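To start, the structure under review is shown below, and the notes come after it.
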Amino acid sequence: MRSIKERLEQSVATLGTLERKREEMRSPALGADTEWSLIESELREIEEDILQDPGALEKFLVRDKRSA
């Protein structure tokens with residue numbers, strides 16, 4: 001499993017490539033679905049990591065009573 005840092009670095013590189021392609025093609029919507037999917041996936045993985053080991057964030061977490 002890749003670390004958060006590695007995942008985010010790869011995601012940033014991918015988003016940078018998308019941005020360059022948008023500028024080259026003059027198409028602001030190019031890869032929008034890919035961008036959205038990538039960001040959503042990363043946020044979900046970060047959330048899972050935090051919930052598994054909240055550390056100092058524990059006091060800021062609000063747990064959904066339905067999932068308890």
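In the structure tokens, each chain is lettered A, B, ... as it comes, each chain's residues begin at 1, and ligands are numbered from 1 in order of appearance.
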Legend entry - Shell of 9 Å around stretch 9-19 of chain A, only C-alpha atoms, local chain residues under 6 positions omitted, as a ChimeraX atom specification: /A:28,30-32,34-35,38-39,42
N, CA and C atoms of the current selection, written as a compact mmCIF listing (two decimals), in the first residue's frame:
```txt
# COMPACT_ATOMS: atom_id res chain seq x y z
N PRO A 28 -11.59 23.69 -21.25
CA PRO A 28 -11.60 23.70 -19.78
C PRO A 28 -12.26 22.48 -19.14
N LEU A 30 -11.98 19.35 -20.29
CA LEU A 30 -11.25 18.12 -20.61
C LEU A 30 -10.80 17.41 -19.33
N GLY A 31 -11.19 16.17 -19.18
CA GLY A 31 -10.78 15.37 -18.03
C GLY A 31 -11.47 15.72 -16.73
N ALA A 32 -12.58 16.44 -16.80
CA ALA A 32 -13.27 16.85 -15.57
C ALA A 32 -13.74 15.64 -14.76
N THR A 34 -12.36 12.68 -14.72
CA THR A 34 -11.16 12.08 -14.14
C THR A 34 -10.70 12.88 -12.93
N GLU A 35 -10.71 14.20 -13.07
CA GLU A 35 -10.31 15.08 -11.97
C GLU A 35 -11.21 14.87 -10.76
N LEU A 38 -10.62 11.42 -9.15
CA LEU A 38 -9.34 11.38 -8.45
C LEU A 38 -9.41 12.10 -7.10
N ILE A 39 -9.98 13.28 -7.10
CA ILE A 39 -10.09 14.06 -5.85
C ILE A 39 -11.00 13.35 -4.86
N GLU A 42 -9.18 10.32 -3.37
CA GLU A 42 -8.14 10.71 -2.40
C GLU A 42 -8.77 11.16 -1.08
```
Nearby residues (only C-alpha atoms) at most 12 Å from stretch 50-65 of chain A, same-chain spacing under 6 positions excluded, as a PDB file with N, CA and C atoms, in the first residue's frame:
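Final output, saved to result-v8.pdb:
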```pdb
ATOM      1  N   ILE A   4       0.244   8.028   2.094  1.00  0.00           N
ATOM      2  CA  ILE A   4      -0.556   9.199   1.727  1.00  0.00           C
ATOM      3  C   ILE A   4       0.271  10.142   0.872  1.00  0.00           C
ATOM      4  N   LEU A  43      -9.832  11.944  -1.161  1.00  0.00           N
ATOM      5  CA  LEU A  43     -10.493  12.392   0.068  1.00  0.00           C
ATOM      6  C   LEU A  43     -11.054  11.208   0.850  1.00  0.00           C
ATOM      7  N   ARG A  44     -11.623  10.234   0.138  1.00  0.00           N
ATOM      8  CA  ARG A  44     -12.155   9.040   0.794  1.00  0.00           C
ATOM      9  C   ARG A  44     -11.042   8.254   1.491  1.00  0.00           C
TER      10      ARG A  44
END
```
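Counting from atom CA of A:Glu23, the distance to atom CA of A:Ser37 is 20.3 Å.
Here atom CA of A:Glu45 is placed at a distance of 9.6 Å from atom CA of A:Arg7.
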Legend entry - Picked from chain A by DSSP as alpha helix (DSSP H), as a PyMOL selection string: chain A and resi 4-25+32-52
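Computed from the coordinates, the atom CA of A:Leu8 to atom CA of A:Lys21 distance equals 19.8 Å.
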